[in-house]
$ cat entry.txt   # compact mmCIF, N, CA and C atoms and all ligand atoms
# COMPACT_ATOMS: atom_id res chain seq x y z
N MET A 1068 0.82 -1.20 0.00
CA MET A 1068 0.00 0.00 0.00
C MET A 1068 0.86 1.27 0.00
N ILE A 1069 1.84 1.34 0.93
CA ILE A 1069 2.63 2.57 0.96
C ILE A 1069 3.64 2.57 -0.19
N GLY A 1070 3.91 3.77 -0.64
CA GLY A 1070 4.85 3.93 -1.74
C GLY A 1070 6.12 4.60 -1.26
N ARG A 1071 6.53 5.62 -1.97
CA ARG A 1071 7.79 6.28 -1.68
C ARG A 1071 7.79 6.98 -0.32
N LEU A 1072 9.02 7.09 0.23
CA LEU A 1072 9.22 7.94 1.40
C LEU A 1072 9.17 9.38 0.91
N ASN A 1073 8.16 10.12 1.30
CA ASN A 1073 8.03 11.51 0.83
C ASN A 1073 8.97 12.43 1.61
N HIS A 1074 8.93 12.33 2.94
CA HIS A 1074 9.88 13.12 3.74
C HIS A 1074 10.02 12.55 5.14
N VAL A 1075 11.10 12.97 5.78
CA VAL A 1075 11.32 12.75 7.20
C VAL A 1075 11.25 14.13 7.84
N ALA A 1076 10.42 14.28 8.87
CA ALA A 1076 10.26 15.59 9.51
C ALA A 1076 11.05 15.65 10.80
N ILE A 1077 11.80 16.72 10.95
CA ILE A 1077 12.62 16.93 12.15
C ILE A 1077 12.13 18.20 12.83
N ALA A 1078 11.74 18.07 14.10
CA ALA A 1078 11.31 19.24 14.88
C ALA A 1078 12.56 19.96 15.37
N VAL A 1079 12.55 21.29 15.23
CA VAL A 1079 13.72 22.09 15.62
C VAL A 1079 13.24 23.32 16.41
N ARG A 1080 14.09 23.82 17.26
CA ARG A 1080 13.78 25.07 17.97
C ARG A 1080 14.10 26.28 17.11
N ASP A 1081 15.12 26.15 16.27
CA ASP A 1081 15.61 27.31 15.51
C ASP A 1081 15.75 26.88 14.04
N ILE A 1082 14.74 27.22 13.26
CA ILE A 1082 14.69 26.74 11.88
C ILE A 1082 15.75 27.41 11.02
N ALA A 1083 16.14 28.64 11.38
CA ALA A 1083 17.20 29.33 10.62
C ALA A 1083 18.54 28.61 10.84
N ALA A 1084 18.79 28.21 12.07
CA ALA A 1084 20.04 27.50 12.37
C ALA A 1084 20.05 26.13 11.69
N ALA A 1085 18.91 25.45 11.71
CA ALA A 1085 18.82 24.13 11.06
C ALA A 1085 19.03 24.27 9.55
N SER A 1086 18.45 25.31 8.96
CA SER A 1086 18.59 25.53 7.52
C SER A 1086 20.04 25.81 7.16
N LYS A 1087 20.68 26.63 7.97
CA LYS A 1087 22.08 26.98 7.73
C LYS A 1087 22.97 25.73 7.82
N LEU A 1088 22.68 24.90 8.80
CA LEU A 1088 23.46 23.68 8.98
C LEU A 1088 23.37 22.78 7.75
N TYR A 1089 22.13 22.60 7.25
CA TYR A 1089 21.95 21.72 6.09
C TYR A 1089 22.48 22.35 4.81
N ARG A 1090 22.35 23.69 4.71
CA ARG A 1090 22.83 24.36 3.51
C ARG A 1090 24.36 24.45 3.51
N ASP A 1091 24.92 24.95 4.61
CA ASP A 1091 26.35 25.27 4.62
C ASP A 1091 27.22 24.08 4.99
N THR A 1092 26.78 23.28 5.94
CA THR A 1092 27.62 22.18 6.40
C THR A 1092 27.40 20.93 5.56
N LEU A 1093 26.13 20.64 5.26
CA LEU A 1093 25.83 19.41 4.51
C LEU A 1093 25.70 19.67 3.01
N GLY A 1094 25.65 20.93 2.61
CA GLY A 1094 25.61 21.24 1.19
C GLY A 1094 24.31 20.88 0.51
N ALA A 1095 23.20 20.96 1.23
CA ALA A 1095 21.91 20.57 0.67
C ALA A 1095 21.17 21.78 0.11
N GLU A 1096 20.15 21.47 -0.73
CA GLU A 1096 19.27 22.49 -1.29
C GLU A 1096 18.14 22.73 -0.28
N VAL A 1097 18.07 23.96 0.24
CA VAL A 1097 17.16 24.26 1.35
C VAL A 1097 16.18 25.35 0.92
N SER A 1098 14.89 25.13 1.15
CA SER A 1098 13.87 26.11 0.75
C SER A 1098 13.82 27.27 1.73
N ALA A 1099 13.04 28.29 1.37
CA ALA A 1099 12.75 29.37 2.33
C ALA A 1099 11.81 28.83 3.41
N ALA A 1100 11.79 29.52 4.54
CA ALA A 1100 10.88 29.14 5.63
C ALA A 1100 9.48 29.66 5.32
N VAL A 1101 8.49 28.81 5.53
CA VAL A 1101 7.09 29.17 5.26
C VAL A 1101 6.27 29.02 6.54
N PRO A 1102 5.73 30.13 7.07
CA PRO A 1102 4.86 30.02 8.23
C PRO A 1102 3.52 29.39 7.83
N GLN A 1103 3.09 28.37 8.55
CA GLN A 1103 1.82 27.70 8.25
C GLN A 1103 0.92 27.85 9.47
N GLU A 1104 0.26 29.01 9.52
CA GLU A 1104 -0.56 29.36 10.69
C GLU A 1104 -1.53 28.24 11.05
N GLU A 1105 -2.19 27.68 10.03
CA GLU A 1105 -3.24 26.70 10.32
C GLU A 1105 -2.68 25.39 10.87
N HIS A 1106 -1.37 25.16 10.71
CA HIS A 1106 -0.76 23.95 11.25
C HIS A 1106 0.08 24.23 12.50
N GLY A 1107 0.24 25.51 12.86
CA GLY A 1107 1.00 25.86 14.06
C GLY A 1107 2.49 25.59 13.94
N VAL A 1108 3.00 25.62 12.72
CA VAL A 1108 4.43 25.38 12.51
C VAL A 1108 4.95 26.26 11.37
N THR A 1109 6.24 26.51 11.40
CA THR A 1109 6.93 27.05 10.24
C THR A 1109 7.70 25.89 9.63
N THR A 1110 7.67 25.78 8.30
CA THR A 1110 8.33 24.65 7.65
C THR A 1110 9.42 25.10 6.68
N VAL A 1111 10.40 24.24 6.57
CA VAL A 1111 11.45 24.36 5.55
C VAL A 1111 11.61 22.98 4.94
N PHE A 1112 11.76 22.90 3.63
CA PHE A 1112 12.04 21.60 3.01
C PHE A 1112 13.46 21.57 2.47
N VAL A 1113 14.13 20.49 2.77
CA VAL A 1113 15.46 20.21 2.25
C VAL A 1113 15.27 19.14 1.18
N THR A 1114 15.65 19.46 -0.05
CA THR A 1114 15.45 18.50 -1.14
C THR A 1114 16.71 17.67 -1.33
N LEU A 1115 16.56 16.38 -1.18
CA LEU A 1115 17.66 15.43 -1.41
C LEU A 1115 17.36 14.67 -2.70
N PRO A 1116 18.33 13.99 -3.26
CA PRO A 1116 18.07 13.30 -4.53
C PRO A 1116 16.93 12.28 -4.45
N ASN A 1117 16.74 11.64 -3.30
CA ASN A 1117 15.74 10.57 -3.24
C ASN A 1117 14.57 10.86 -2.32
N THR A 1118 14.63 11.94 -1.54
CA THR A 1118 13.51 12.26 -0.65
C THR A 1118 13.70 13.68 -0.13
N LYS A 1119 12.91 14.06 0.86
CA LYS A 1119 13.03 15.39 1.45
C LYS A 1119 13.15 15.28 2.97
N ILE A 1120 13.72 16.30 3.55
CA ILE A 1120 13.69 16.50 5.00
C ILE A 1120 12.83 17.72 5.23
N GLU A 1121 11.94 17.63 6.20
CA GLU A 1121 11.06 18.76 6.54
C GLU A 1121 11.45 19.23 7.93
N PHE A 1122 11.84 20.48 8.07
CA PHE A 1122 12.06 21.05 9.40
C PHE A 1122 10.76 21.66 9.87
N LEU A 1123 10.46 21.46 11.13
CA LEU A 1123 9.26 22.03 11.76
C LEU A 1123 9.70 22.85 12.96
N GLU A 1124 9.31 24.11 12.96
CA GLU A 1124 9.58 24.98 14.11
C GLU A 1124 8.23 25.42 14.66
N PRO A 1125 8.06 25.44 15.98
CA PRO A 1125 6.76 25.85 16.53
C PRO A 1125 6.38 27.26 16.09
N LEU A 1126 5.08 27.46 15.85
CA LEU A 1126 4.55 28.77 15.47
C LEU A 1126 3.30 29.00 16.31
N GLY A 1127 3.30 30.09 17.08
CA GLY A 1127 2.11 30.42 17.87
C GLY A 1127 2.08 29.68 19.19
N GLU A 1128 0.98 29.89 19.93
CA GLU A 1128 0.86 29.42 21.31
C GLU A 1128 0.66 27.92 21.43
N ASP A 1129 -0.21 27.34 20.61
CA ASP A 1129 -0.55 25.92 20.79
C ASP A 1129 0.02 25.08 19.66
N SER A 1130 1.29 25.25 19.41
CA SER A 1130 1.88 24.47 18.33
C SER A 1130 1.82 22.98 18.65
N PRO A 1131 1.44 22.16 17.67
CA PRO A 1131 1.38 20.72 17.92
C PRO A 1131 2.74 20.09 18.19
N ILE A 1132 3.83 20.83 17.94
CA ILE A 1132 5.14 20.24 18.21
C ILE A 1132 5.80 20.81 19.48
N ALA A 1133 5.07 21.67 20.22
CA ALA A 1133 5.64 22.27 21.43
C ALA A 1133 6.00 21.20 22.46
N LYS A 1134 5.09 20.27 22.70
CA LYS A 1134 5.34 19.21 23.71
C LYS A 1134 6.51 18.34 23.29
N PHE A 1135 6.55 18.02 22.01
CA PHE A 1135 7.65 17.19 21.49
C PHE A 1135 8.99 17.86 21.78
N LEU A 1136 9.07 19.17 21.58
CA LEU A 1136 10.34 19.87 21.82
C LEU A 1136 10.64 20.02 23.31
N GLU A 1137 9.59 19.99 24.14
CA GLU A 1137 9.83 19.97 25.59
C GLU A 1137 10.52 18.67 25.97
N ARG A 1138 10.06 17.59 25.37
CA ARG A 1138 10.65 16.27 25.66
C ARG A 1138 11.98 16.08 24.96
N ASN A 1139 12.16 16.76 23.83
CA ASN A 1139 13.39 16.61 23.03
C ASN A 1139 13.98 17.99 22.77
N PRO A 1140 14.63 18.55 23.79
CA PRO A 1140 15.07 19.96 23.67
C PRO A 1140 16.08 20.21 22.55
N ASP A 1141 16.78 19.19 22.11
CA ASP A 1141 17.72 19.38 21.00
C ASP A 1141 17.05 19.20 19.64
N GLY A 1142 15.74 18.95 19.65
CA GLY A 1142 15.04 18.61 18.42
C GLY A 1142 15.11 17.11 18.21
N GLY A 1143 14.48 16.63 17.14
CA GLY A 1143 14.50 15.19 16.87
C GLY A 1143 13.54 14.84 15.76
N ILE A 1144 13.63 13.59 15.33
CA ILE A 1144 12.73 13.13 14.27
C ILE A 1144 11.30 13.10 14.80
N HIS A 1145 10.41 13.81 14.14
CA HIS A 1145 9.04 13.95 14.61
C HIS A 1145 8.09 12.99 13.90
N HIS A 1146 8.24 12.84 12.59
CA HIS A 1146 7.42 11.87 11.87
C HIS A 1146 8.08 11.51 10.53
N ILE A 1147 7.56 10.44 9.95
CA ILE A 1147 7.98 10.08 8.60
C ILE A 1147 6.73 10.04 7.73
N CYS A 1148 6.90 10.41 6.48
CA CYS A 1148 5.74 10.52 5.58
C CYS A 1148 5.90 9.60 4.38
N TYR A 1149 4.91 8.72 4.23
CA TYR A 1149 4.87 7.80 3.10
C TYR A 1149 3.79 8.24 2.13
N GLU A 1150 4.05 8.03 0.87
CA GLU A 1150 3.04 8.35 -0.14
C GLU A 1150 2.09 7.17 -0.33
N VAL A 1151 0.83 7.49 -0.57
CA VAL A 1151 -0.16 6.48 -0.95
C VAL A 1151 -0.91 7.02 -2.18
N ASP A 1152 -1.42 6.10 -2.98
CA ASP A 1152 -2.13 6.52 -4.20
C ASP A 1152 -3.51 7.09 -3.86
N ASP A 1153 -4.17 6.46 -2.90
CA ASP A 1153 -5.55 6.84 -2.58
C ASP A 1153 -5.66 6.89 -1.07
N ILE A 1154 -5.73 8.10 -0.53
CA ILE A 1154 -5.64 8.24 0.93
C ILE A 1154 -6.88 7.68 1.64
N LEU A 1155 -8.03 7.79 1.04
CA LEU A 1155 -9.23 7.27 1.70
C LEU A 1155 -9.24 5.75 1.70
N ALA A 1156 -8.80 5.16 0.60
CA ALA A 1156 -8.71 3.70 0.54
C ALA A 1156 -7.67 3.21 1.54
N ALA A 1157 -6.54 3.93 1.64
CA ALA A 1157 -5.49 3.54 2.59
C ALA A 1157 -6.01 3.63 4.02
N ARG A 1158 -6.73 4.72 4.31
CA ARG A 1158 -7.28 4.90 5.66
C ARG A 1158 -8.23 3.76 6.02
N ASP A 1159 -9.12 3.43 5.11
CA ASP A 1159 -10.12 2.41 5.42
C ASP A 1159 -9.47 1.05 5.61
N GLN A 1160 -8.46 0.78 4.78
CA GLN A 1160 -7.73 -0.49 4.88
C GLN A 1160 -6.99 -0.57 6.23
N LEU A 1161 -6.36 0.54 6.62
CA LEU A 1161 -5.61 0.56 7.88
C LEU A 1161 -6.54 0.43 9.07
N LYS A 1162 -7.66 1.14 9.02
CA LYS A 1162 -8.61 1.07 10.14
C LYS A 1162 -9.15 -0.35 10.29
N ALA A 1163 -9.40 -0.98 9.15
CA ALA A 1163 -9.92 -2.35 9.19
C ALA A 1163 -8.91 -3.29 9.82
N LYS A 1164 -7.62 -2.93 9.75
CA LYS A 1164 -6.58 -3.77 10.35
C LYS A 1164 -6.23 -3.31 11.76
N GLY A 1165 -6.99 -2.36 12.29
CA GLY A 1165 -6.84 -1.99 13.70
C GLY A 1165 -5.94 -0.80 13.95
N ALA A 1166 -5.42 -0.15 12.92
CA ALA A 1166 -4.56 1.01 13.13
C ALA A 1166 -5.42 2.22 13.47
N ARG A 1167 -4.91 3.05 14.36
CA ARG A 1167 -5.64 4.25 14.75
C ARG A 1167 -5.20 5.45 13.91
N VAL A 1168 -6.20 6.13 13.36
CA VAL A 1168 -5.95 7.36 12.60
C VAL A 1168 -6.18 8.52 13.56
N LEU A 1169 -5.27 9.47 13.60
CA LEU A 1169 -5.40 10.59 14.53
C LEU A 1169 -6.43 11.61 14.04
N GLY A 1170 -6.95 12.39 15.01
CA GLY A 1170 -7.90 13.45 14.69
C GLY A 1170 -9.24 12.89 14.26
N SER A 1171 -9.91 13.61 13.39
CA SER A 1171 -11.26 13.23 12.97
C SER A 1171 -11.26 12.02 12.04
N GLY A 1172 -10.09 11.71 11.48
CA GLY A 1172 -10.02 10.62 10.51
C GLY A 1172 -10.22 11.10 9.09
N GLU A 1173 -10.58 12.38 8.97
CA GLU A 1173 -10.72 12.95 7.62
C GLU A 1173 -9.38 13.60 7.24
N PRO A 1174 -8.94 13.39 5.99
CA PRO A 1174 -7.67 13.98 5.55
C PRO A 1174 -7.70 15.51 5.66
N LYS A 1175 -6.53 16.07 6.02
CA LYS A 1175 -6.37 17.52 6.01
C LYS A 1175 -5.37 17.87 4.92
N THR A 1176 -5.34 19.15 4.58
CA THR A 1176 -4.38 19.58 3.57
C THR A 1176 -3.04 19.83 4.25
N GLY A 1177 -2.03 19.10 3.82
CA GLY A 1177 -0.72 19.18 4.46
C GLY A 1177 0.13 20.30 3.90
N ALA A 1178 1.40 20.29 4.29
CA ALA A 1178 2.33 21.36 3.94
C ALA A 1178 2.58 21.44 2.42
N HIS A 1179 2.27 20.36 1.69
CA HIS A 1179 2.46 20.39 0.23
C HIS A 1179 1.17 20.68 -0.52
N GLY A 1180 0.10 20.99 0.23
CA GLY A 1180 -1.18 21.22 -0.41
C GLY A 1180 -1.87 19.95 -0.86
N LYS A 1181 -1.44 18.81 -0.32
CA LYS A 1181 -2.08 17.53 -0.67
C LYS A 1181 -2.72 16.93 0.56
N PRO A 1182 -3.70 16.02 0.38
CA PRO A 1182 -4.37 15.45 1.55
C PRO A 1182 -3.45 14.55 2.36
N VAL A 1183 -3.47 14.74 3.68
CA VAL A 1183 -2.64 13.93 4.57
C VAL A 1183 -3.46 13.42 5.75
N LEU A 1184 -2.96 12.33 6.34
CA LEU A 1184 -3.50 11.76 7.57
C LEU A 1184 -2.32 11.34 8.44
N PHE A 1185 -2.55 11.28 9.74
CA PHE A 1185 -1.51 10.79 10.65
C PHE A 1185 -1.99 9.54 11.36
N LEU A 1186 -1.06 8.61 11.56
CA LEU A 1186 -1.36 7.34 12.22
C LEU A 1186 -0.70 7.31 13.59
N HIS A 1187 -1.39 6.69 14.55
CA HIS A 1187 -0.92 6.69 15.94
C HIS A 1187 0.46 6.03 16.07
N PRO A 1188 1.40 6.74 16.72
CA PRO A 1188 2.75 6.17 16.85
C PRO A 1188 2.78 4.84 17.60
N LYS A 1189 1.83 4.64 18.52
CA LYS A 1189 1.84 3.37 19.28
C LYS A 1189 1.53 2.18 18.39
N ASP A 1190 0.90 2.42 17.27
CA ASP A 1190 0.59 1.33 16.34
C ASP A 1190 1.72 1.10 15.32
N PHE A 1191 2.71 2.01 15.31
CA PHE A 1191 3.76 1.92 14.29
C PHE A 1191 5.15 2.12 14.89
N ASN A 1192 5.47 1.25 15.83
CA ASN A 1192 6.83 1.17 16.37
C ASN A 1192 7.32 2.48 16.98
N GLY A 1193 6.38 3.20 17.60
CA GLY A 1193 6.79 4.43 18.28
C GLY A 1193 7.09 5.58 17.34
N THR A 1194 6.64 5.47 16.10
CA THR A 1194 6.92 6.52 15.12
C THR A 1194 5.61 7.08 14.56
N LEU A 1195 5.46 8.38 14.67
CA LEU A 1195 4.31 9.03 14.06
C LEU A 1195 4.44 8.93 12.54
N VAL A 1196 3.41 8.39 11.90
CA VAL A 1196 3.43 8.18 10.44
C VAL A 1196 2.42 9.11 9.78
N GLU A 1197 2.89 9.85 8.80
CA GLU A 1197 2.02 10.69 7.97
C GLU A 1197 1.83 9.97 6.64
N LEU A 1198 0.62 9.96 6.16
CA LEU A 1198 0.35 9.45 4.81
C LEU A 1198 -0.04 10.63 3.95
N GLU A 1199 0.54 10.70 2.77
CA GLU A 1199 0.20 11.79 1.85
C GLU A 1199 -0.23 11.18 0.52
N GLN A 1200 -1.34 11.68 0.00
CA GLN A 1200 -1.76 11.20 -1.31
C GLN A 1200 -0.80 11.76 -2.37
N ALA A 1201 -0.21 10.87 -3.11
CA ALA A 1201 0.84 11.29 -4.07
C ALA A 1201 0.22 12.01 -5.25
CO CO B 1301 5.15 15.96 7.23
$ encode --input "entry.txt" --output "structure tokens" --more "lines below"
Ligand code: CO
Amino acid sequence: MIGRLNHVAIAVRDIAAASKLYRDTLGAEVSAAVPQEEHGVTTVFVTLPNTKIEFLEPLGEDSPIAKFLERNPDGGIHHICYEVDDILAARDQLKAKGARVLGSGEPKTGAHGKPVLFLHPKDFNGTLVELEQA
């Protein structure tokens, strides 16, 4: 069911410092920072030949990554995103197999403007999984 690894998301306290590190030290192609008010994060994408890295910095009071950064003050891997062809079919198949879909269960528009869903980390080896319709 799952296809390509779309991105690995890393939560950071300082997105400018993270961008500089990947651009200057690792020599990667790094996008501009984009504030995403509706998601409570600012994002940067690092484009690699085979996938992307997404930096997430908290934005606003109730950022969904604030607690994560409290537990991981140096930052850390927050989620991994796999592509699926049909997000509703994937959701129904996963639910039928007992996986928990976070939130209302209805896809939201993610940072790429495509429908996404998140799966409970306890059902997937302690890793928050994002599904994005390719
Ligand atoms: Co993501």
$ closest_residue --input "entry.txt" --among "A:Ile1069, A:Leu1186, A:Cys1148, A:Ala1166" --to "ligand CO 1301 (chain B)" --atoms "all atoms listed in the file"
A:Cys1148
$ residues_near_ligand --input "entry.txt" --ligand "ligand CO 1301 (chain B)" --cutoff "7 Å" --atoms "all atoms listed in the file" --output "tab-separated table (two decimals) with N, CA and C atoms, keeping the file's coordinate frame"
chain	number	residue	atom	x	y	z
A	1074	HIS	N	8.93	12.33	2.94
A	1074	HIS	CA	9.88	13.12	3.74
A	1074	HIS	C	10.02	12.55	5.14
A	1075	VAL	N	11.10	12.97	5.78
A	1075	VAL	CA	11.32	12.75	7.20
A	1075	VAL	C	11.25	14.13	7.84
A	1076	ALA	N	10.42	14.28	8.87
A	1076	ALA	CA	10.26	15.59	9.51
A	1076	ALA	C	11.05	15.65	10.80
A	1121	GLU	N	11.94	17.63	6.20
A	1121	GLU	CA	11.06	18.76	6.54
A	1121	GLU	C	11.45	19.23	7.93
A	1146	HIS	N	8.24	12.84	12.59
A	1146	HIS	CA	7.42	11.87	11.87
A	1146	HIS	C	8.08	11.51	10.53
A	1147	ILE	N	7.56	10.44	9.95
A	1147	ILE	CA	7.98	10.08	8.60
A	1147	ILE	C	6.73	10.04	7.73
A	1148	CYS	N	6.90	10.41	6.48
A	1148	CYS	CA	5.74	10.52	5.58
A	1148	CYS	C	5.90	9.60	4.38
A	1178	ALA	N	1.40	20.29	4.29
A	1178	ALA	CA	2.33	21.36	3.94
A	1178	ALA	C	2.58	21.44	2.42
A	1197	GLU	N	2.89	9.85	8.80
A	1197	GLU	CA	2.02	10.69	7.97
A	1197	GLU	C	1.83	9.97	6.64
$ residues_near_point --input "entry.txt" --point "(22.5, 19.2, 1.9)" --cutoff "12 Å" --atoms "only C-alpha atoms" --output "ChimeraX atom specification"
/A:1085-1098,1112-1116,1118-1120
$ atom_distance --input "entry.txt" --atom1 "atom C of Pro1174 in chain A" --atom2 "atom C of Glu1124 in chain A"
20.8 Å
$ residues_around --input "entry.txt" --residues "Gln1103 in chain A" --least-positions-apart "6" --cutoff "12 Å" --atoms "only C-alpha atoms" --output "number ranges by chain"
A: 1109-1111, 1123-1127, 1130-1131, 1176-1180
$ decode --input "entry.txt" --residues "range 1077-1104 of chain A" --atoms "N, CA and C atoms" --output "mmCIF file, in the first residue's frame"
data_model
loop_
_atom_site.group_PDB
_atom_site.id
_atom_site.type_symbol
_atom_site.label_atom_id
_atom_site.label_comp_id
_atom_site.auth_asym_id
_atom_site.auth_seq_id
_atom_site.Cartn_x
_atom_site.Cartn_y
_atom_site.Cartn_z
ATOM 1 N N ILE A 1077 11.804 16.716 10.954
ATOM 2 C CA ILE A 1077 12.622 16.932 12.149
ATOM 3 C C ILE A 1077 12.126 18.201 12.834
ATOM 4 N N ALA A 1078 11.739 18.071 14.098
ATOM 5 C CA ALA A 1078 11.313 19.241 14.876
ATOM 6 C C ALA A 1078 12.556 19.965 15.368
ATOM 7 N N VAL A 1079 12.549 21.292 15.233
ATOM 8 C CA VAL A 1079 13.718 22.094 15.623
ATOM 9 C C VAL A 1079 13.236 23.324 16.407
ATOM 10 N N ARG A 1080 14.093 23.820 17.262
ATOM 11 C CA ARG A 1080 13.779 25.068 17.972
ATOM 12 C C ARG A 1080 14.100 26.281 17.112
ATOM 13 N N ASP A 1081 15.124 26.153 16.271
ATOM 14 C CA ASP A 1081 15.614 27.307 15.505
ATOM 15 C C ASP A 1081 15.749 26.884 14.040
ATOM 16 N N ILE A 1082 14.741 27.224 13.261
ATOM 17 C CA ILE A 1082 14.686 26.739 11.884
ATOM 18 C C ILE A 1082 15.753 27.412 11.019
ATOM 19 N N ALA A 1083 16.138 28.644 11.378
ATOM 20 C CA ALA A 1083 17.201 29.327 10.619
ATOM 21 C C ALA A 1083 18.539 28.611 10.841
ATOM 22 N N ALA A 1084 18.789 28.212 12.075
ATOM 23 C CA ALA A 1084 20.039 27.503 12.373
ATOM 24 C C ALA A 1084 20.053 26.132 11.689
ATOM 25 N N ALA A 1085 18.912 25.447 11.709
ATOM 26 C CA ALA A 1085 18.824 24.130 11.062
ATOM 27 C C ALA A 1085 19.032 24.266 9.551
ATOM 28 N N SER A 1086 18.445 25.313 8.959
ATOM 29 C CA SER A 1086 18.589 25.532 7.520
ATOM 30 C C SER A 1086 20.038 25.809 7.155
ATOM 31 N N LYS A 1087 20.677 26.630 7.972
ATOM 32 C CA LYS A 1087 22.079 26.981 7.725
ATOM 33 C C LYS A 1087 22.966 25.731 7.815
ATOM 34 N N LEU A 1088 22.681 24.904 8.805
ATOM 35 C CA LEU A 1088 23.459 23.676 8.984
ATOM 36 C C LEU A 1088 23.365 22.777 7.747
ATOM 37 N N TYR A 1089 22.126 22.605 7.252
ATOM 38 C CA TYR A 1089 21.955 21.718 6.093
ATOM 39 C C TYR A 1089 22.480 22.353 4.812
ATOM 40 N N ARG A 1090 22.352 23.686 4.712
ATOM 41 C CA ARG A 1090 22.827 24.363 3.507
ATOM 42 C C ARG A 1090 24.357 24.449 3.506
ATOM 43 N N ASP A 1091 24.916 24.947 4.611
ATOM 44 C CA ASP A 1091 26.346 25.270 4.618
ATOM 45 C C ASP A 1091 27.218 24.080 4.991
ATOM 46 N N THR A 1092 26.782 23.282 5.943
ATOM 47 C CA THR A 1092 27.624 22.176 6.402
ATOM 48 C C THR A 1092 27.401 20.927 5.560
ATOM 49 N N LEU A 1093 26.130 20.637 5.261
ATOM 50 C CA LEU A 1093 25.830 19.412 4.513
ATOM 51 C C LEU A 1093 25.702 19.668 3.012
ATOM 52 N N GLY A 1094 25.649 20.933 2.612
ATOM 53 C CA GLY A 1094 25.614 21.244 1.187
ATOM 54 C C GLY A 1094 24.312 20.882 0.506
ATOM 55 N N ALA A 1095 23.203 20.958 1.235
ATOM 56 C CA ALA A 1095 21.912 20.572 0.667
ATOM 57 C C ALA A 1095 21.168 21.778 0.108
ATOM 58 N N GLU A 1096 20.151 21.467 -0.731
ATOM 59 C CA GLU A 1096 19.269 22.492 -1.290
ATOM 60 C C GLU A 1096 18.143 22.729 -0.283
ATOM 61 N N VAL A 1097 18.068 23.958 0.243
ATOM 62 C CA VAL A 1097 17.163 24.262 1.354
ATOM 63 C C VAL A 1097 16.180 25.352 0.922
ATOM 64 N N SER A 1098 14.891 25.132 1.150
ATOM 65 C CA SER A 1098 13.866 26.107 0.748
ATOM 66 C C SER A 1098 13.819 27.268 1.732
ATOM 67 N N ALA A 1099 13.044 28.293 1.375
ATOM 68 C CA ALA A 1099 12.751 29.371 2.327
ATOM 69 C C ALA A 1099 11.814 28.834 3.407
ATOM 70 N N ALA A 1100 11.790 29.517 4.543
ATOM 71 C CA ALA A 1100 10.884 29.140 5.630
ATOM 72 C C ALA A 1100 9.481 29.662 5.320
ATOM 73 N N VAL A 1101 8.486 28.809 5.530
ATOM 74 C CA VAL A 1101 7.093 29.173 5.257
ATOM 75 C C VAL A 1101 6.266 29.017 6.536
ATOM 76 N N PRO A 1102 5.728 30.133 7.065
ATOM 77 C CA PRO A 1102 4.855 30.015 8.229
ATOM 78 C C PRO A 1102 3.519 29.392 7.829
ATOM 79 N N GLN A 1103 3.091 28.374 8.553
ATOM 80 C CA GLN A 1103 1.817 27.699 8.248
ATOM 81 C C GLN A 1103 0.923 27.846 9.469
ATOM 82 N N GLU A 1104 0.260 29.013 9.521
ATOM 83 C CA GLU A 1104 -0.558 29.362 10.690
ATOM 84 C C GLU A 1104 -1.526 28.243 11.052
#
